[in-house]
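Coordinates as given in coords_21.tsv (TSV, C-alpha atoms and all ligand atoms):
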chain	number	residue	atom	x	y	z
T	294	MET	CA	-13.99	13.73	4.58
T	295	ALA	CA	-10.82	13.73	2.47
T	296	ARG	CA	-11.24	12.84	-1.19
T	297	LYS	CA	-9.24	9.74	-2.05
T	298	PHE	CA	-6.88	10.27	-5.00
T	299	PHE	CA	-8.11	8.47	-8.13
T	300	VAL	CA	-5.98	7.33	-11.06
T	301	GLY	CA	-7.72	5.89	-14.11
T	302	GLY	CA	-5.99	4.41	-17.13
T	303	ASN	CA	-8.05	4.61	-20.31
T	304	TRP	CA	-6.47	2.20	-22.77
T	305	LYS	CA	-8.92	3.31	-25.49
T	306	CYS	CA	-8.91	1.09	-28.62
T	307	ASN	CA	-5.42	-0.33	-28.09
T	308	GLY	CA	-3.80	-3.64	-27.32
T	309	THR	CA	-3.26	-7.24	-28.29
T	310	THR	CA	-3.43	-10.14	-25.85
T	311	GLU	CA	0.36	-10.04	-25.50
T	312	GLU	CA	0.48	-6.28	-24.97
T	313	VAL	CA	-2.30	-6.46	-22.41
T	314	LYS	CA	-0.45	-9.18	-20.48
T	315	LYS	CA	2.68	-7.03	-20.47
T	316	ILE	CA	0.88	-3.97	-19.10
T	317	VAL	CA	-0.82	-6.02	-16.39
T	318	THR	CA	2.49	-7.63	-15.39
T	319	THR	CA	4.05	-4.18	-14.97
T	320	LEU	CA	1.11	-3.05	-12.83
T	321	ASN	CA	1.11	-6.22	-10.75
T	322	GLU	CA	4.80	-5.87	-9.95
T	323	ALA	CA	4.65	-2.16	-9.12
T	324	GLU	CA	5.12	-0.86	-5.61
T	325	VAL	CA	2.51	1.82	-5.17
T	326	PRO	CA	0.75	3.55	-2.26
T	327	SER	CA	-1.98	1.51	-0.62
T	328	GLU	CA	-5.67	1.48	-1.53
T	329	ASP	CA	-6.25	3.81	1.41
T	330	VAL	CA	-4.27	6.50	-0.44
T	331	VAL	CA	-5.13	5.91	-4.09
T	332	GLU	CA	-7.88	4.18	-6.06
T	333	VAL	CA	-6.56	2.74	-9.32
T	334	VAL	CA	-8.88	1.74	-12.16
T	335	VAL	CA	-7.78	0.58	-15.62
T	336	SER	CA	-10.07	0.53	-18.60
T	337	PRO	CA	-9.18	-1.95	-21.34
T	338	PRO	CA	-11.29	-2.44	-24.47
T	339	PHE	CA	-14.43	-4.55	-23.86
T	340	VAL	CA	-12.92	-7.73	-25.31
T	341	PHE	CA	-10.10	-7.71	-22.76
T	342	LEU	CA	-12.14	-6.70	-19.70
T	343	ASN	CA	-12.59	-10.14	-18.19
T	344	PHE	CA	-9.07	-11.22	-19.11
T	345	VAL	CA	-7.56	-8.16	-17.41
T	346	LYS	CA	-9.84	-8.56	-14.40
T	347	SER	CA	-8.72	-12.16	-13.96
T	348	LEU	CA	-4.99	-11.27	-14.06
T	349	LEU	CA	-4.97	-7.91	-12.30
T	350	ARG	CA	-3.89	-7.46	-8.67
T	351	SER	CA	-6.85	-7.23	-6.31
T	352	ASP	CA	-6.19	-3.66	-5.16
T	353	PHE	CA	-6.65	-2.34	-8.74
T	354	HIS	CA	-10.02	-2.36	-10.49
T	355	VAL	CA	-11.39	-2.30	-14.02
T	356	ALA	CA	-13.73	-0.03	-15.96
T	357	ALA	CA	-15.56	-0.41	-19.25
T	358	GLN	CA	-15.10	2.43	-21.72
T	359	ASN	CA	-18.81	2.86	-22.44
T	360	CYS	CA	-22.20	1.26	-22.01
T	361	TRP	CA	-25.64	1.54	-23.57
T	362	VAL	CA	-28.02	4.23	-22.39
T	363	ARG	CA	-30.85	1.90	-21.36
T	364	LYS	CA	-31.64	-1.73	-20.70
T	365	GLY	CA	-30.08	-4.03	-23.29
T	366	GLY	CA	-32.00	-5.54	-26.18
T	367	ALA	CA	-32.00	-5.07	-29.95
T	368	PHE	CA	-29.02	-2.67	-30.07
T	369	THR	CA	-26.42	-4.31	-32.28
T	370	GLY	CA	-22.87	-3.66	-31.21
T	371	GLU	CA	-23.77	-2.21	-27.82
T	372	ILE	CA	-22.89	-3.47	-24.33
T	373	SER	CA	-25.43	-2.92	-21.55
T	374	ALA	CA	-24.86	-1.77	-17.99
T	375	GLU	CA	-26.57	-5.01	-16.86
T	376	MET	CA	-23.92	-7.06	-18.66
T	377	LEU	CA	-21.11	-5.18	-16.95
T	378	VAL	CA	-22.75	-5.74	-13.58
T	379	ASN	CA	-23.24	-9.41	-14.44
T	380	LEU	CA	-19.49	-9.70	-15.10
T	381	SER	CA	-18.68	-7.80	-11.86
T	382	ILE	CA	-17.12	-4.88	-13.74
T	383	PRO	CA	-17.45	-2.09	-11.18
T	384	TRP	CA	-16.72	1.04	-13.22
T	385	VAL	CA	-17.63	2.58	-16.58
T	386	ILE	CA	-16.31	5.66	-18.39
T	387	ILE	CA	-19.13	7.74	-19.87
T	388	GLY	CA	-19.10	10.84	-22.06
T	389	HIS	CA	-15.50	10.69	-23.23
T	390	SER	CA	-14.86	13.51	-25.71
T	391	GLU	CA	-13.94	11.02	-28.42
T	392	ARG	CA	-17.47	9.58	-28.21
T	393	ARG	CA	-19.04	13.02	-27.89
T	394	ALA	CA	-17.21	14.24	-31.02
T	395	LEU	CA	-17.03	11.13	-33.22
T	396	LEU	CA	-20.27	9.43	-32.24
T	397	LYS	CA	-22.22	12.64	-31.62
T	398	GLU	CA	-23.15	11.88	-28.03
T	399	SER	CA	-24.99	14.97	-26.76
T	400	ASN	CA	-24.89	16.36	-23.22
T	401	GLU	CA	-28.41	15.00	-22.60
T	402	PHE	CA	-27.54	11.53	-23.92
T	403	VAL	CA	-24.47	11.45	-21.67
T	404	GLY	CA	-26.60	12.54	-18.69
T	405	ASP	CA	-29.08	9.72	-19.42
T	406	LYS	CA	-26.25	7.19	-19.72
T	407	VAL	CA	-24.67	8.26	-16.43
T	408	ALA	CA	-28.02	8.01	-14.64
T	409	TYR	CA	-28.83	4.60	-16.11
T	410	ALA	CA	-25.39	3.13	-15.33
T	411	LEU	CA	-25.66	4.40	-11.73
T	412	SER	CA	-29.17	2.98	-11.40
T	413	GLN	CA	-27.79	-0.46	-12.28
T	414	GLY	CA	-25.08	-0.22	-9.60
T	415	LEU	CA	-22.09	0.83	-11.70
T	416	LYS	CA	-19.64	3.53	-10.64
T	417	VAL	CA	-19.13	6.17	-13.30
T	418	ILE	CA	-16.20	8.25	-14.52
T	419	ALA	CA	-18.13	11.05	-16.26
T	420	CYS	CA	-16.05	13.06	-18.73
T	421	ILE	CA	-16.45	16.72	-19.63
T	422	GLY	CA	-14.21	19.28	-21.31
T	423	GLU	CA	-14.02	22.12	-23.81
T	424	THR	CA	-12.51	22.23	-27.30
T	425	LEU	CA	-9.69	24.60	-28.21
T	426	GLU	CA	-12.13	26.85	-30.06
T	427	GLU	CA	-14.37	27.04	-26.99
T	428	ARG	CA	-11.41	27.87	-24.73
T	429	GLU	CA	-10.15	30.54	-27.10
T	430	SER	CA	-13.57	32.12	-27.31
T	431	GLY	CA	-13.69	32.37	-23.49
T	432	SER	CA	-16.49	29.84	-22.99
T	433	THR	CA	-14.63	27.13	-21.06
T	434	MET	CA	-16.73	27.41	-17.91
T	435	ALA	CA	-20.02	27.78	-19.78
T	436	VAL	CA	-19.26	24.59	-21.72
T	437	VAL	CA	-18.19	22.44	-18.78
T	438	ALA	CA	-21.04	23.80	-16.64
T	439	ALA	CA	-23.58	22.82	-19.33
T	440	GLN	CA	-22.04	19.36	-19.58
T	441	THR	CA	-22.11	18.97	-15.80
T	442	LYS	CA	-25.68	20.30	-15.59
T	443	ALA	CA	-26.89	17.66	-18.06
T	444	ILE	CA	-25.50	15.05	-15.66
T	445	ALA	CA	-26.73	16.80	-12.51
T	446	ASP	CA	-30.25	17.04	-14.01
T	447	LYS	CA	-30.46	13.23	-14.09
T	448	VAL	CA	-28.40	12.18	-11.08
T	449	THR	CA	-29.56	12.33	-7.48
T	450	ASN	CA	-26.80	10.36	-5.77
T	451	TRP	CA	-23.25	11.47	-6.56
T	452	ASP	CA	-21.50	8.92	-4.30
T	453	ASN	CA	-20.44	6.78	-7.25
T	454	VAL	CA	-19.52	9.56	-9.67
T	455	VAL	CA	-16.01	10.77	-10.46
T	456	LEU	CA	-15.99	13.85	-12.68
T	457	ALA	CA	-13.15	13.86	-15.24
T	458	TYR	CA	-12.24	17.27	-16.63
T	459	GLU	CA	-10.51	16.60	-19.92
T	460	PRO	CA	-9.90	19.62	-22.13
T	461	VAL	CA	-10.19	18.28	-25.68
T	462	TRP	CA	-7.19	20.33	-26.84
T	463	ALA	CA	-4.99	18.49	-24.32
T	464	ILE	CA	-6.06	14.95	-25.21
T	465	GLY	CA	-3.40	13.00	-27.05
T	466	THR	CA	-1.71	16.23	-28.15
T	467	GLY	CA	1.16	16.43	-25.69
T	468	LYS	CA	-0.21	19.90	-24.76
T	469	VAL	CA	-1.03	19.39	-21.09
T	470	ALA	CA	-3.02	22.06	-19.23
T	471	THR	CA	-0.78	23.98	-16.87
T	472	PRO	CA	-1.36	23.21	-13.19
T	473	ALA	CA	-2.90	26.68	-12.86
T	474	GLN	CA	-5.28	26.11	-15.80
T	475	ALA	CA	-6.38	22.74	-14.41
T	476	GLN	CA	-6.79	24.08	-10.88
T	477	ASP	CA	-8.84	27.06	-12.10
T	478	VAL	CA	-11.37	24.87	-13.92
T	479	HIS	CA	-11.52	22.29	-11.12
T	480	ARG	CA	-12.11	25.02	-8.52
T	481	GLU	CA	-14.86	26.55	-10.65
T	482	LEU	CA	-16.46	23.12	-11.18
T	483	ARG	CA	-16.47	22.52	-7.43
T	484	LYS	CA	-18.06	25.94	-6.95
T	485	TRP	CA	-20.66	25.05	-9.60
T	486	LEU	CA	-21.47	21.81	-7.77
T	487	SER	CA	-21.73	23.70	-4.51
T	488	GLU	CA	-24.15	26.26	-5.94
T	489	ASN	CA	-26.19	23.90	-8.11
T	490	VAL	CA	-26.11	20.54	-6.32
T	491	SER	CA	-24.93	20.91	-2.72
T	492	GLY	CA	-21.96	21.95	-0.62
T	493	ALA	CA	-21.52	18.40	0.62
T	494	ILE	CA	-21.46	16.95	-2.91
T	495	ALA	CA	-18.98	19.63	-3.99
T	496	GLU	CA	-16.69	18.67	-1.11
T	497	SER	CA	-16.90	14.92	-1.59
T	498	THR	CA	-16.94	14.53	-5.39
T	499	ARG	CA	-13.60	13.75	-6.93
T	500	ILE	CA	-12.70	15.93	-9.91
T	501	ILE	CA	-9.85	14.40	-11.87
T	502	TYR	CA	-7.85	15.81	-14.76
T	503	GLY	CA	-7.13	14.16	-18.13
T	504	GLY	CA	-5.15	15.30	-21.15
T	505	SER	CA	-1.50	14.45	-21.88
T	506	VAL	CA	-0.73	13.52	-18.28
T	507	ASN	CA	2.59	11.71	-18.00
T	508	GLY	CA	5.16	10.63	-15.44
T	509	ALA	CA	6.89	14.01	-15.58
T	510	ASN	CA	4.01	16.48	-15.43
T	511	CYS	CA	1.79	14.61	-12.95
T	512	LYS	CA	3.52	15.85	-9.78
T	513	GLU	CA	2.73	19.54	-10.10
T	514	LEU	CA	-0.81	18.75	-11.24
T	515	ALA	CA	-1.36	16.36	-8.33
T	516	ALA	CA	-0.32	19.04	-5.86
T	517	GLN	CA	-3.20	21.34	-6.91
T	518	PRO	CA	-5.85	21.42	-4.17
T	519	ASP	CA	-8.81	20.69	-6.44
T	520	VAL	CA	-7.12	18.08	-8.64
T	521	ASP	CA	-8.14	14.73	-7.11
T	522	GLY	CA	-6.43	12.47	-9.60
T	523	PHE	CA	-6.12	11.71	-13.28
T	524	LEU	CA	-7.69	9.97	-16.24
T	525	VAL	CA	-4.68	8.95	-18.30
T	526	GLY	CA	-4.73	7.84	-21.92
T	527	GLY	CA	-1.45	7.21	-23.77
T	528	ALA	CA	0.76	7.05	-20.67
T	529	SER	CA	-1.49	4.40	-19.09
T	530	LEU	CA	-0.13	1.93	-21.67
T	531	LYS	CA	3.43	2.56	-20.49
T	532	PRO	CA	5.42	1.82	-17.31
T	533	GLU	CA	5.27	5.54	-16.39
T	534	PHE	CA	1.64	4.94	-15.37
T	535	VAL	CA	3.15	3.64	-12.13
T	536	ASP	CA	4.80	7.05	-11.52
T	537	ILE	CA	1.44	8.70	-12.10
T	538	ILE	CA	-0.15	6.41	-9.49
T	539	LYS	CA	2.63	7.33	-7.07
T	540	SER	CA	1.88	11.04	-7.49
T	541	ALA	CA	-1.11	10.36	-5.20
T	542	THR	CA	1.21	10.98	-2.26
T	543	LEU	CA	1.71	14.56	-3.45
T	544	SER	CA	-1.99	15.34	-3.43
T	545	CYS	CA	-1.83	16.32	0.20
T	546	PHE	CA	1.60	17.58	1.12
T	547	PHE	CA	2.70	19.54	4.11
T	548	PRO	CA	4.38	22.80	3.13
T	549	LEU	CA	7.72	23.54	4.80
T	550	GLY	CA	8.27	26.82	3.03
T	551	ASN	CA	9.34	28.55	-0.16
T	552	LEU	CA	12.85	28.57	-1.56
T	553	ALA	CA	13.48	30.77	-4.62
T	554	SER	CA	10.48	29.92	-6.82
T	555	CYS	CA	9.80	26.47	-5.37
T	556	PHE	CA	7.46	25.06	-2.74
T	557	ILE	CA	9.25	22.65	-0.47
T	558	GLY	CA	7.12	20.16	1.42
T	559	LEU	CA	6.70	16.68	2.78
T	560	ASP	CA	4.33	14.28	1.09
T	561	LEU	CA	2.13	11.67	2.78
T	562	MET	CA	4.96	9.13	2.76
T	563	GLY	CA	7.35	11.58	4.42
T	564	ASN	CA	9.32	12.17	1.20
T	565	CYS	CA	10.63	15.66	0.54
T	566	PHE	CA	8.80	17.29	-2.36
T	567	SER	CA	9.37	20.44	-4.33
T	568	ALA	CA	7.22	22.05	-7.01
T	569	ARG	CA	7.65	25.13	-9.12
T	570	ILE	CA	5.42	28.02	-8.04
T	571	ILE	CA	3.02	28.91	-10.82
T	572	GLU	CA	2.97	32.67	-11.07
T	573	SER	CA	0.53	33.10	-13.92
T	574	PRO	CA	-2.74	34.74	-12.89
T	575	SER	CA	-5.87	32.61	-12.53
T	576	ASN	CA	-7.50	32.35	-15.90
T	577	THR	CA	-9.85	29.69	-17.15
T	578	ASP	CA	-9.96	31.00	-20.72
T	601	LIG	O1	-9.22	9.37	-21.21
T	601	LIG	C1	-8.10	9.86	-21.30
T	601	LIG	C2	-7.87	11.07	-22.03
T	601	LIG	O2	-8.47	11.04	-23.28
T	601	LIG	C3	-6.44	11.52	-22.06
T	601	LIG	O3	-5.70	10.91	-23.07
T	601	LIG	P1	-4.13	11.25	-23.18
T	601	LIG	O4	-3.56	11.03	-21.81
T	601	LIG	O5	-3.61	10.28	-24.19
T	601	LIG	O6	-4.03	12.67	-23.61
Written as structure tokens, how would this file's structure read?
Ligand SMILES: O=C[C@H](O)COP(=O)(O)O
Amino acid sequence: MARKFFVGGNWKCNGTTEEVKKIVTTLNEAEVPSEDVVEVVVSPPFVFLNFVKSLLRSDFHVAAQNCWVRKGGAFTGEISAEMLVNLSIPWVIIGHSERRALLKESNEFVGDKVAYALSQGLKVIACIGETLEERESGSTMAVVAAQTKAIADKVTNWDNVVLAYEPVWAIGTGKVATPAQAQDVHRELRKWLSENVSGAIAESTRIIYGGSVNGANCKELAAQPDVDGFLVGGASLKPEFVDIIKSATLSCFFPLGNLASCFIGLDLMGNCFSARIIESPSNTD
């Protein structure tokens, strides 16, 4: 079964009522591929979730940016999975690197949160990714495998999990991973899932990329075979988010041939597409 392209917009801790309305208007007016081709989920701050949900076109969905690890109760400042379900919020982002780093969320805590959110009926965008120091020391795969294992240890049904590979050094820095770097890690993650969970889960689980994705760099990334979409931060607040959604049609293109150092192909909509051939050797570190 083909993996449907997934584009998430993580608005993080940004926005006023007016700004939120403006973003939603842009999204509502955009002509994008159908829901059969791309699943679009935007994640406003908690206080705007219901407001965005009420204004947003019906083919786009919303996600919370976090939820509590267990059933709600005396946990001041937290939002429970049950509350999100009660408000018909279908998705939640868990394990974002900003929470891992700033709020000290451990791999195990993230695994528990993912499992609890799933048990309550939420769909989860589970984030993993290495720091610059970890990449430079050659431990990228060990780090993302440990993060994925902590999730896999607690999760039995992966149907409602999207795995977001977000190298920390690429988040908000303008330093996007090259298509080859992203593809290498995504391929290795799929192999890890195949060897440690199951071949079927590896084939069906969407692995999306996040970190300085924008309207210009999304096309080459989207064309990588193991990149099933994006989790977008800064650019999801701008009109170029629409271009990123449209890159879904490049996720499965039909090669016509090579010309100089470019692939030439047809995308799903029949548009001609070209992408620079990446000649750098595979290297995850
Ligand atoms: O969740 C999204 C990521 O943190 C990426 O953020 P960014 O696109 O601003 O680099």
Can you tell me which residues sit at most 10 Å away from ligand LIG 601 (chain T), counting all atoms listed in the file, written as number ranges by chain?
-> T: 301-305, 336, 358, 386, 389-391, 418, 420, 457-469, 502-507, 523-530
Residue neighbourhood Glu328 of chain T, 12 Å, all atoms listed in the file, exclusion window fewer than 5 positions, as a PyMOL selection string | chain T and resi 297-300+333-334+350-354+538-539+541-542
Got a sec: who's within 8 Å of segment 311-324 of chain T, counting all atoms listed in the file, leaving out chain neighbours fewer than 4 positions off, as number ranges by chain?
-> T: 341, 345, 348-350, 530-532, 535
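Checking T:Glu423, T:Asp452, T:Asp477, T:Glu513 one by one against Ala493 of chain T, counting only C-alpha atoms, you find the shortest gap at T:Asp452.
Taking atom CA of Gly404 of chain T and atom CA of Leu456 of chain T as endpoints, the distance between them is 12.3 Å.
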Compile the contact shell of segment 406-417 of chain T as a list in words: residues with an atom at most 8 Å away, counting all atoms listed in the file, same-chain residues fewer than 5 positions apart removed.
-> Cys360, Trp361, Val362, Arg363, Ala374, Glu375, Val378, Ile382, Pro383, Trp384, Val385, Ile386, Ile387, Ile444, Lys447, Val448, Asn453, Val454 and Val455 of chain T
For His479 of chain T, work out the shell of residues within 7 Å, counting only C-alpha atoms and skipping chain neighbours fewer than 4 positions away, then give it as a PyMOL selection string.
-> chain T and resi 475+483+500+519-520
Output as a short mmCIF file (atom, residue, chain, number, x, y, z; two decimals), keeping the file's coordinate frame: segment 353-369 of chain T, completed with N, CA and C atoms.
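File written: rebuild24.cif
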data_model
loop_
_atom_site.label_atom_id
_atom_site.label_comp_id
_atom_site.auth_asym_id
_atom_site.auth_seq_id
_atom_site.Cartn_x
_atom_site.Cartn_y
_atom_site.Cartn_z
N PHE T 353 -6.32 -3.16 -7.58
CA PHE T 353 -6.65 -2.34 -8.74
C PHE T 353 -7.97 -2.86 -9.32
N HIS T 354 -8.71 -1.97 -9.98
CA HIS T 354 -10.02 -2.36 -10.49
C HIS T 354 -10.14 -2.05 -11.98
N VAL T 355 -11.23 -2.51 -12.58
CA VAL T 355 -11.39 -2.30 -14.02
C VAL T 355 -12.64 -1.48 -14.32
N ALA T 356 -12.59 -0.83 -15.48
CA ALA T 356 -13.73 -0.03 -15.96
C ALA T 356 -13.97 -0.36 -17.42
N ALA T 357 -15.24 -0.36 -17.82
CA ALA T 357 -15.56 -0.41 -19.25
C ALA T 357 -15.42 1.00 -19.80
N GLN T 358 -15.30 1.10 -21.11
CA GLN T 358 -15.10 2.43 -21.72
C GLN T 358 -16.41 3.08 -22.17
N ASN T 359 -17.50 2.35 -21.99
CA ASN T 359 -18.81 2.86 -22.44
C ASN T 359 -19.86 1.84 -22.05
N CYS T 360 -21.12 2.25 -22.02
CA CYS T 360 -22.20 1.26 -22.01
C CYS T 360 -23.45 1.90 -22.59
N TRP T 361 -24.42 1.07 -22.91
CA TRP T 361 -25.64 1.54 -23.57
C TRP T 361 -26.46 2.39 -22.59
N VAL T 362 -27.30 3.22 -23.15
CA VAL T 362 -28.02 4.23 -22.39
C VAL T 362 -29.21 3.66 -21.59
N ARG T 363 -29.70 2.51 -22.03
CA ARG T 363 -30.85 1.90 -21.36
C ARG T 363 -30.62 0.40 -21.21
N LYS T 364 -31.69 -0.28 -20.79
CA LYS T 364 -31.64 -1.73 -20.70
C LYS T 364 -31.27 -2.32 -22.06
N GLY T 365 -30.50 -3.41 -22.04
CA GLY T 365 -30.08 -4.03 -23.29
C GLY T 365 -31.24 -4.59 -24.09
N GLY T 366 -30.96 -5.00 -25.29
CA GLY T 366 -32.00 -5.54 -26.18
C GLY T 366 -31.50 -5.50 -27.61
N ALA T 367 -32.35 -5.06 -28.53
CA ALA T 367 -32.00 -5.07 -29.95
C ALA T 367 -31.17 -3.82 -30.29
N PHE T 368 -29.92 -3.80 -29.82
CA PHE T 368 -29.02 -2.67 -30.07
C PHE T 368 -27.68 -3.23 -30.50
N THR T 369 -27.59 -3.61 -31.75
CA THR T 369 -26.42 -4.31 -32.28
C THR T 369 -25.13 -3.55 -31.99
#
